[in-house]
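Engineer: My structure is stored as protein-v4.tsv, with TSV, C-alpha atoms and all ligand atoms.
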chain	number	residue	atom	x	y	z
V	10	MET	CA	-24.16	6.47	19.80
V	11	ASP	CA	-26.52	3.90	18.33
V	12	VAL	CA	-24.50	0.94	17.04
V	13	PHE	CA	-21.11	1.05	18.80
V	14	ASP	CA	-20.77	3.01	21.98
V	15	ASP	CA	-17.59	2.43	23.96
V	16	VAL	CA	-13.83	2.61	23.93
V	17	SER	CA	-13.35	-1.16	23.84
V	18	GLN	CA	-15.26	-1.21	20.55
V	19	LEU	CA	-12.88	1.40	19.16
V	20	ASN	CA	-9.92	-0.68	20.32
V	21	ARG	CA	-11.37	-3.77	18.67
V	22	ILE	CA	-12.01	-1.98	15.38
V	23	GLU	CA	-8.47	-0.63	15.33
V	24	ARG	CA	-7.04	-4.10	16.04
V	25	ASP	CA	-9.26	-5.61	13.35
V	26	CYS	CA	-8.01	-3.01	10.86
V	27	TRP	CA	-4.39	-3.97	11.43
V	28	GLN	CA	-5.20	-7.69	11.29
V	29	HIS	CA	-7.13	-7.25	8.05
V	30	LEU	CA	-4.28	-5.24	6.52
V	31	GLN	CA	-1.85	-7.98	7.60
V	32	SER	CA	-3.92	-10.71	6.02
V	33	ALA	CA	-4.25	-8.70	2.78
V	34	VAL	CA	-0.51	-9.16	2.19
V	35	THR	CA	-0.93	-12.90	1.61
V	36	ASP	CA	-4.65	-13.29	0.84
V	37	ARG	CA	-5.35	-12.46	-2.81
V	38	ASP	CA	-9.09	-12.38	-2.10
V	39	ASN	CA	-8.78	-9.75	0.62
V	40	GLY	CA	-10.29	-6.51	-0.70
V	41	TRP	CA	-7.66	-4.42	1.04
V	42	ARG	CA	-4.85	-6.04	-0.97
V	43	LEU	CA	-5.16	-3.48	-3.79
V	44	PRO	CA	-5.44	0.05	-2.41
V	45	VAL	CA	-5.31	3.24	-4.44
V	46	LEU	CA	-2.24	5.32	-3.64
V	47	ALA	CA	-2.47	9.08	-4.16
V	48	THR	CA	0.53	11.38	-4.47
V	49	ILE	CA	0.83	15.11	-4.95
V	50	VAL	CA	2.17	16.61	-8.18
V	51	GLN	CA	2.63	20.33	-7.73
V	52	ASN	CA	-0.98	21.54	-7.50
V	53	SER	CA	-2.66	18.32	-8.64
V	54	VAL	CA	-3.01	14.70	-7.51
V	55	GLN	CA	-2.15	11.35	-9.14
V	56	GLN	CA	-3.67	8.02	-8.15
V	57	ARG	CA	-2.85	4.42	-9.01
V	58	THR	CA	-3.61	0.91	-7.76
V	59	VAL	CA	-0.78	-0.84	-5.90
V	60	VAL	CA	-0.33	-4.19	-4.14
V	61	LEU	CA	0.02	-4.07	-0.36
V	62	ARG	CA	3.25	-6.04	0.20
V	63	GLY	CA	3.96	-5.67	3.90
V	64	VAL	CA	2.49	-4.45	7.19
V	65	ASP	CA	4.28	-3.66	10.45
V	66	GLU	CA	1.62	-3.00	13.05
V	67	LEU	CA	4.07	-2.25	15.87
V	68	SER	CA	5.61	0.71	14.04
V	69	GLN	CA	2.50	1.43	11.90
V	70	VAL	CA	4.27	1.06	8.57
V	71	LEU	CA	2.88	-0.25	5.26
V	72	TYR	CA	5.09	-1.47	2.40
V	73	PHE	CA	4.73	-1.35	-1.39
V	74	HIS	CA	7.07	-2.18	-4.28
V	75	THR	CA	7.64	-0.13	-7.38
V	76	ASP	CA	10.00	0.74	-10.21
V	77	ILE	CA	12.37	3.50	-9.13
V	78	ARG	CA	11.99	5.05	-12.60
V	79	SER	CA	8.19	5.38	-12.28
V	80	PRO	CA	6.72	8.89	-11.99
V	81	LYS	CA	5.34	8.24	-8.49
V	82	VAL	CA	8.89	7.97	-7.11
V	83	GLY	CA	9.78	11.38	-8.50
V	84	GLN	CA	6.54	12.77	-7.06
V	85	LEU	CA	7.44	11.36	-3.63
V	86	SER	CA	10.87	12.95	-3.73
V	87	ASN	CA	9.14	16.33	-4.07
V	88	ASN	CA	6.39	15.68	-1.55
V	89	ARG	CA	6.34	12.65	0.77
V	90	SER	CA	2.70	13.10	1.84
V	91	ILE	CA	0.45	10.32	0.55
V	92	SER	CA	-3.07	9.03	0.94
V	93	LEU	CA	-4.24	5.42	0.48
V	94	ALA	CA	-7.83	4.28	-0.08
V	95	PHE	CA	-8.76	0.66	0.67
V	96	TYR	CA	-12.21	-0.85	0.17
V	97	ASP	CA	-13.28	-4.39	1.01
V	98	HIS	CA	-16.58	-5.11	-0.68
V	99	SER	CA	-17.18	-8.31	1.34
V	100	LEU	CA	-16.97	-6.34	4.61
V	101	SER	CA	-18.40	-3.07	3.25
V	102	VAL	CA	-15.48	-1.33	4.92
V	103	GLN	CA	-13.44	1.57	3.58
V	104	LEU	CA	-10.11	2.57	5.14
V	105	ARG	CA	-8.46	5.85	4.25
V	106	VAL	CA	-4.85	6.22	5.35
V	107	GLN	CA	-2.84	9.43	5.58
V	108	GLY	CA	0.89	8.94	5.75
V	109	VAL	CA	4.42	9.93	4.93
V	110	ALA	CA	6.37	7.87	2.41
V	111	ASN	CA	10.01	6.83	2.33
V	112	VAL	CA	11.65	5.37	-0.76
V	113	HIS	CA	14.15	2.55	-0.10
V	114	THR	CA	16.53	1.91	-2.98
V	115	ASP	CA	19.68	0.19	-1.76
V	116	ASP	CA	19.25	-0.15	1.99
V	117	VAL	CA	18.69	-3.31	4.06
V	118	ILE	CA	14.91	-3.05	3.64
V	119	ALA	CA	15.06	-3.02	-0.16
V	120	ASP	CA	17.77	-5.73	-0.21
V	121	ALA	CA	15.81	-8.04	2.10
V	122	ILE	CA	12.55	-7.65	0.20
V	123	TRP	CA	14.26	-8.09	-3.16
V	124	SER	CA	16.01	-11.27	-1.94
V	125	ALA	CA	12.73	-12.72	-0.64
V	126	GLY	CA	10.69	-11.78	-3.74
V	127	GLU	CA	9.25	-14.31	-6.17
V	128	PRO	CA	10.78	-14.15	-9.69
V	129	GLU	CA	7.25	-13.82	-11.07
V	130	ASN	CA	6.79	-10.57	-9.12
V	131	LEU	CA	10.27	-9.20	-9.86
V	132	ARG	CA	10.33	-9.82	-13.62
V	133	MET	CA	8.85	-6.39	-14.39
V	134	TYR	CA	11.98	-4.70	-13.01
V	135	LEU	CA	13.88	-6.03	-16.04
V	136	ALA	CA	11.84	-3.60	-18.17
V	137	PRO	CA	14.26	-1.75	-20.47
V	138	HIS	CA	12.27	1.50	-20.47
V	139	PRO	CA	10.94	3.57	-17.56
V	140	PRO	CA	7.21	3.04	-16.88
V	141	GLY	CA	5.21	5.62	-18.79
V	142	THR	CA	7.67	5.93	-21.72
V	143	ILE	CA	5.83	6.56	-25.01
V	144	SER	CA	6.12	3.63	-27.46
V	145	GLU	CA	5.28	3.55	-31.16
V	146	LEU	CA	3.87	0.01	-30.76
V	147	SER	CA	1.92	-1.77	-28.05
V	148	THR	CA	4.52	-3.24	-25.68
V	149	SER	CA	4.84	-5.23	-22.45
V	150	ASN	CA	8.17	-3.46	-21.87
V	151	LEU	CA	9.76	-6.82	-21.06
V	152	PRO	CA	13.01	-8.08	-22.59
V	153	PRO	CA	11.97	-10.39	-25.48
V	154	GLU	CA	13.51	-13.47	-23.83
V	155	PHE	CA	11.21	-13.08	-20.79
V	156	ILE	CA	7.91	-12.49	-22.53
V	157	GLY	CA	5.72	-15.41	-21.46
V	158	ARG	CA	8.55	-16.88	-19.36
V	159	ILE	CA	9.46	-16.41	-15.69
V	160	PRO	CA	13.19	-15.61	-15.36
V	161	GLU	CA	15.59	-17.67	-13.27
V	162	ARG	CA	16.77	-15.98	-10.09
V	163	ARG	CA	20.19	-15.24	-11.62
V	164	ASP	CA	18.54	-13.46	-14.57
V	165	LEU	CA	16.77	-11.04	-12.26
V	166	GLU	CA	19.85	-9.30	-10.91
V	167	ALA	CA	19.85	-6.86	-13.83
V	168	GLY	CA	16.54	-5.57	-12.51
V	169	ARG	CA	17.67	-4.92	-8.94
V	170	SER	CA	18.72	-1.31	-9.65
V	171	ASN	CA	15.17	-0.56	-10.89
V	172	PHE	CA	13.48	-1.99	-7.81
V	173	CYS	CA	12.55	0.03	-4.75
V	174	VAL	CA	10.33	-0.28	-1.71
V	175	ILE	CA	7.97	2.48	-0.61
V	176	SER	CA	7.33	2.43	3.13
V	177	VAL	CA	4.47	4.50	4.47
V	178	GLN	CA	4.50	5.73	8.05
V	179	VAL	CA	0.81	5.83	8.92
V	180	LEU	CA	-0.33	9.10	10.52
V	181	SER	CA	-4.03	8.31	10.64
V	182	MET	CA	-6.60	5.74	9.52
V	183	ASP	CA	-10.19	6.76	8.81
V	184	TRP	CA	-12.46	3.68	9.01
V	185	LEU	CA	-15.99	3.61	7.58
V	186	LEU	CA	-18.44	0.69	7.84
V	187	LEU	CA	-21.45	0.79	5.54
V	188	ASN	CA	-24.33	-0.66	7.52
V	189	ARG	CA	-28.04	-0.95	6.78
V	190	GLY	CA	-28.84	0.13	10.31
V	191	GLY	CA	-26.67	3.22	9.90
V	192	HIS	CA	-23.09	3.71	8.82
V	193	VAL	CA	-20.34	3.88	11.45
V	194	ARG	CA	-17.06	5.78	11.24
V	195	ALA	CA	-13.97	6.15	13.41
V	196	ILE	CA	-10.51	7.69	13.18
V	197	PHE	CA	-7.24	6.37	14.58
V	198	GLY	CA	-4.32	8.78	14.80
V	199	TYR	CA	-0.64	7.94	15.31
V	200	ASP	CA	1.08	11.30	15.40
V	201	GLN	CA	0.61	11.73	19.14
V	202	ASP	CA	1.34	9.59	22.20
V	203	ASP	CA	-1.80	10.10	24.25
V	204	GLU	CA	-4.93	7.96	24.47
V	205	THR	CA	-7.14	10.44	22.65
V	206	HIS	CA	-6.10	9.16	19.24
V	207	ARG	CA	-9.19	6.92	18.81
V	208	LYS	CA	-12.41	8.77	18.08
V	209	TRP	CA	-15.82	8.15	16.59
V	210	LEU	CA	-16.74	10.39	13.67
V	211	CYS	CA	-20.08	11.14	12.12
V	212	PRO	CA	-20.21	9.13	8.86
V	301	LIG	C1	-4.18	-4.52	-9.73
V	301	LIG	C2	-2.96	-3.64	-9.96
V	301	LIG	C3	-1.89	-3.72	-9.09
V	301	LIG	C4	-0.79	-2.91	-9.30
V	301	LIG	N1	0.25	-2.99	-8.41
V	301	LIG	C5	1.31	-2.16	-8.55
V	301	LIG	C6	2.36	-2.17	-7.58
V	301	LIG	O1	2.35	-2.89	-6.58
V	301	LIG	N2	3.40	-1.32	-7.77
V	301	LIG	C7	3.45	-0.47	-8.84
V	301	LIG	O2	4.41	0.27	-8.97
V	301	LIG	N3	2.48	-0.45	-9.77
V	301	LIG	C8	1.39	-1.27	-9.64
V	301	LIG	N4	0.38	-1.23	-10.56
V	301	LIG	C9	0.49	-0.31	-11.70
V	301	LIG	C10	0.15	1.11	-11.20
V	301	LIG	O3	-1.25	1.20	-10.96
V	301	LIG	C11	0.58	2.19	-12.18
V	301	LIG	O4	-0.05	2.01	-13.42
V	301	LIG	C12	2.10	2.20	-12.40
V	301	LIG	O5	2.80	1.91	-11.21
V	301	LIG	C13	2.56	3.56	-12.91
V	301	LIG	O6	2.22	4.52	-11.94
V	301	LIG	P1	2.86	6.00	-11.94
V	301	LIG	O7	2.93	6.41	-13.38
V	301	LIG	O8	1.90	6.82	-11.16
V	301	LIG	O9	4.20	5.92	-11.29
V	301	LIG	C14	-0.75	-2.03	-10.38
V	301	LIG	C15	-1.85	-1.94	-11.24
V	301	LIG	C16	-2.92	-2.74	-11.04
V	301	LIG	C17	-4.09	-2.63	-11.99
Write the structure described by the file as structure tokens, please.
Ligand SMILES: Cc1cc2nc3c(=O)[nH]c(=O)nc-3n(C[C@H](O)[C@H](O)[C@H](O)COP(=O)(O)O)c2cc1C
Structural biologist:
Amino acid sequence: MDVFDDVSQLNRIERDCWQHLQSAVTDRDNGWRLPVLATIVQNSVQQRTVVLRGVDELSQVLYFHTDIRSPKVGQLSNNRSISLAFYDHSLSVQLRVQGVANVHTDDVIADAIWSAGEPENLRMYLAPHPPGTISELSTSNLPPEFIGRIPERRDLEAGRSNFCVISVQVLSMDWLLLNRGGHVRAIFGYDQDDETHRKWLCP
């Protein structure tokens, strides 16, 4: 292979992927912070942008937050297969993730993340209507008292039952580097225990 040619390079790329995902959780300028999440709806697909909220490299799990009333949660209850597309323009690197989603509503994961959340990020769970509800007028779907105001912690508790965490068990990551000298692509798989899970692919 012309640009990268050995297993240690594959190991390094995989490690870099996980580190870059980890840093995207706190770094607002990281291009991988806002992936597109695709879910299956019967015979079609739905996509939307989400914020990457957590990464557990050891167990290969990614975390997102959403409103339990949003259509994506219903879609995941019918089919837990998902795909995520990340692109970091500054690195010219795309990462496509295949995975299986779990929705956490009132378990320790959801409780811990809710308790640690910033009021600014949790305010939207006070929305009186489910996301996607048709409205006669343009609306932020926020209670009037919290439009333009961040709630106190005690005010947020009414939103807890609308909050859930989506965890994604990563099955594979398809990495693509756009490069003037020639693009480079590799795949990392996690649904098997052997050492053959890292492979170069033709871009
Ligand atoms: C930059 C950006 C970040 C977003 N982050 C989230 C998020 O973390 N969680 C979420 O549920 N929706 C997020 N949204 C809104 C979703 O893209 C989507 O519109 C909403 O969740 C409804 O999706 P659904 O109808 O497919 O359930 C974000 C939108 C944008 C533009």
Engineer: Which polymer residues have any atom within 9 Å of an atom of Gly168 in chain V, counting only C-alpha atoms, with same-chain residues fewer than 6 positions away left out, as a PyMOL selection string?
Structural biologist: chain V and resi 131-136
Engineer: Could you give me the residues within 6 Å of ligand LIG 301 (chain V), counting only C-alpha atoms and all ligand atoms, as a ChimeraX atom specification?
Structural biologist: /V:57-60,73-76,79-81,141
Engineer: Write the residues of the preceding selection, restricted to C-alpha atoms, as a PDB file, in the frame of the given file.
Structural biologist:
ATOM      1  CA  ARG V  57      -2.850   4.420  -9.010  1.00  0.00           C
ATOM      2  CA  THR V  58      -3.610   0.910  -7.760  1.00  0.00           C
ATOM      3  CA  VAL V  59      -0.780  -0.840  -5.900  1.00  0.00           C
ATOM      4  CA  VAL V  60      -0.330  -4.190  -4.140  1.00  0.00           C
ATOM      5  CA  PHE V  73       4.730  -1.350  -1.390  1.00  0.00           C
ATOM      6  CA  HIS V  74       7.070  -2.180  -4.280  1.00  0.00           C
ATOM      7  CA  THR V  75       7.640  -0.130  -7.380  1.00  0.00           C
ATOM      8  CA  ASP V  76      10.000   0.740 -10.210  1.00  0.00           C
ATOM      9  CA  SER V  79       8.190   5.380 -12.280  1.00  0.00           C
ATOM     10  CA  PRO V  80       6.720   8.890 -11.990  1.00  0.00           C
ATOM     11  CA  LYS V  81       5.340   8.240  -8.490  1.00  0.00           C
ATOM     12  CA  GLY V 141       5.210   5.620 -18.790  1.00  0.00           C
TER      13      GLY V 141
END
Engineer: Tell me which of V:His138, V:Phe172, V:Gly157, V:Gln178 sits closest to Ala121 in chain V, counting only C-alpha atoms.
Structural biologist: V:Phe172
Engineer: Find the distance between CA of Ile22 in chain V and CA of Val34 in chain V and write it in Å to one decimal.
Structural biologist: 18.9 Å
Engineer: Quick one: everything within 9 Å of Ile77 in chain V, counting only C-alpha atoms, minus sequence neighbours fewer than 3 positions away in the same chain. Send it as number ranges by chain.
Structural biologist: V: 80-83, 112, 114, 139, 170-174
Engineer: Extract range 179-192 of chain V from the coordinates I pasted, and write it as a PDB file, in the first residue's frame (atoms kept: N, CA, C and O atoms).
Structural biologist:
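That gives us result20.pdb:
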ATOM      1  N   VAL V 179     -20.864   0.114  19.550  1.00  0.00           N
ATOM      2  CA  VAL V 179     -20.253   0.214  18.216  1.00  0.00           C
ATOM      3  C   VAL V 179     -19.900  -1.193  17.708  1.00  0.00           C
ATOM      4  O   VAL V 179     -19.210  -1.956  18.380  1.00  0.00           O
ATOM      5  N   LEU V 180     -20.364  -1.505  16.506  1.00  0.00           N
ATOM      6  CA  LEU V 180     -20.028  -2.785  15.872  1.00  0.00           C
ATOM      7  C   LEU V 180     -18.867  -2.626  14.900  1.00  0.00           C
ATOM      8  O   LEU V 180     -18.044  -3.528  14.745  1.00  0.00           O
ATOM      9  N   SER V 181     -18.823  -1.472  14.232  1.00  0.00           N
ATOM     10  CA  SER V 181     -17.702  -1.221  13.328  1.00  0.00           C
ATOM     11  C   SER V 181     -17.550   0.276  13.100  1.00  0.00           C
ATOM     12  O   SER V 181     -18.511   1.047  13.251  1.00  0.00           O
ATOM     13  N   MET V 182     -16.306   0.661  12.745  1.00  0.00           N
ATOM     14  CA  MET V 182     -16.016   2.056  12.396  1.00  0.00           C
ATOM     15  C   MET V 182     -15.268   2.034  11.063  1.00  0.00           C
ATOM     16  O   MET V 182     -14.248   1.354  10.924  1.00  0.00           O
ATOM     17  N   ASP V 183     -15.794   2.780  10.108  1.00  0.00           N
ATOM     18  CA  ASP V 183     -15.189   2.858   8.770  1.00  0.00           C
ATOM     19  C   ASP V 183     -14.565   4.249   8.650  1.00  0.00           C
ATOM     20  O   ASP V 183     -15.276   5.261   8.632  1.00  0.00           O
ATOM     21  N   TRP V 184     -13.236   4.295   8.596  1.00  0.00           N
ATOM     22  CA  TRP V 184     -12.465   5.548   8.644  1.00  0.00           C
ATOM     23  C   TRP V 184     -11.977   5.883   7.234  1.00  0.00           C
ATOM     24  O   TRP V 184     -11.480   5.004   6.513  1.00  0.00           O
ATOM     25  N   LEU V 185     -12.130   7.142   6.835  1.00  0.00           N
ATOM     26  CA  LEU V 185     -11.681   7.566   5.506  1.00  0.00           C
ATOM     27  C   LEU V 185     -10.951   8.897   5.623  1.00  0.00           C
ATOM     28  O   LEU V 185     -11.534   9.889   6.081  1.00  0.00           O
ATOM     29  N   LEU V 186      -9.697   8.920   5.190  1.00  0.00           N
ATOM     30  CA  LEU V 186      -8.907  10.154   5.160  1.00  0.00           C
ATOM     31  C   LEU V 186      -8.810  10.633   3.724  1.00  0.00           C
ATOM     32  O   LEU V 186      -8.346   9.885   2.834  1.00  0.00           O
ATOM     33  N   LEU V 187      -9.266  11.879   3.487  1.00  0.00           N
ATOM     34  CA  LEU V 187      -9.091  12.469   2.162  1.00  0.00           C
ATOM     35  C   LEU V 187      -7.694  13.067   2.113  1.00  0.00           C
ATOM     36  O   LEU V 187      -7.312  13.859   2.979  1.00  0.00           O
ATOM     37  N   ASN V 188      -6.947  12.690   1.101  1.00  0.00           N
ATOM     38  CA  ASN V 188      -5.527  13.035   1.047  1.00  0.00           C
ATOM     39  C   ASN V 188      -5.167  13.356  -0.397  1.00  0.00           C
ATOM     40  O   ASN V 188      -5.570  12.618  -1.298  1.00  0.00           O
ATOM     41  N   ARG V 189      -4.428  14.464  -0.595  1.00  0.00           N
ATOM     42  CA  ARG V 189      -4.050  14.813  -1.972  1.00  0.00           C
ATOM     43  C   ARG V 189      -3.255  13.717  -2.644  1.00  0.00           C
ATOM     44  O   ARG V 189      -3.368  13.472  -3.835  1.00  0.00           O
ATOM     45  N   GLY V 190      -2.411  13.059  -1.864  1.00  0.00           N
ATOM     46  CA  GLY V 190      -1.578  11.987  -2.430  1.00  0.00           C
ATOM     47  C   GLY V 190      -2.348  10.712  -2.680  1.00  0.00           C
ATOM     48  O   GLY V 190      -1.786   9.751  -3.218  1.00  0.00           O
ATOM     49  N   GLY V 191      -3.594  10.667  -2.299  1.00  0.00           N
ATOM     50  CA  GLY V 191      -4.408   9.458  -2.440  1.00  0.00           C
ATOM     51  C   GLY V 191      -5.160   9.234  -1.136  1.00  0.00           C
ATOM     52  O   GLY V 191      -4.563   9.350  -0.056  1.00  0.00           O
ATOM     53  N   HIS V 192      -6.434   8.972  -1.242  1.00  0.00           N
ATOM     54  CA  HIS V 192      -7.239   8.769  -0.032  1.00  0.00           C
ATOM     55  C   HIS V 192      -6.846   7.444   0.630  1.00  0.00           C
ATOM     56  O   HIS V 192      -6.306   6.543  -0.029  1.00  0.00           O
TER      57      HIS V 192
END
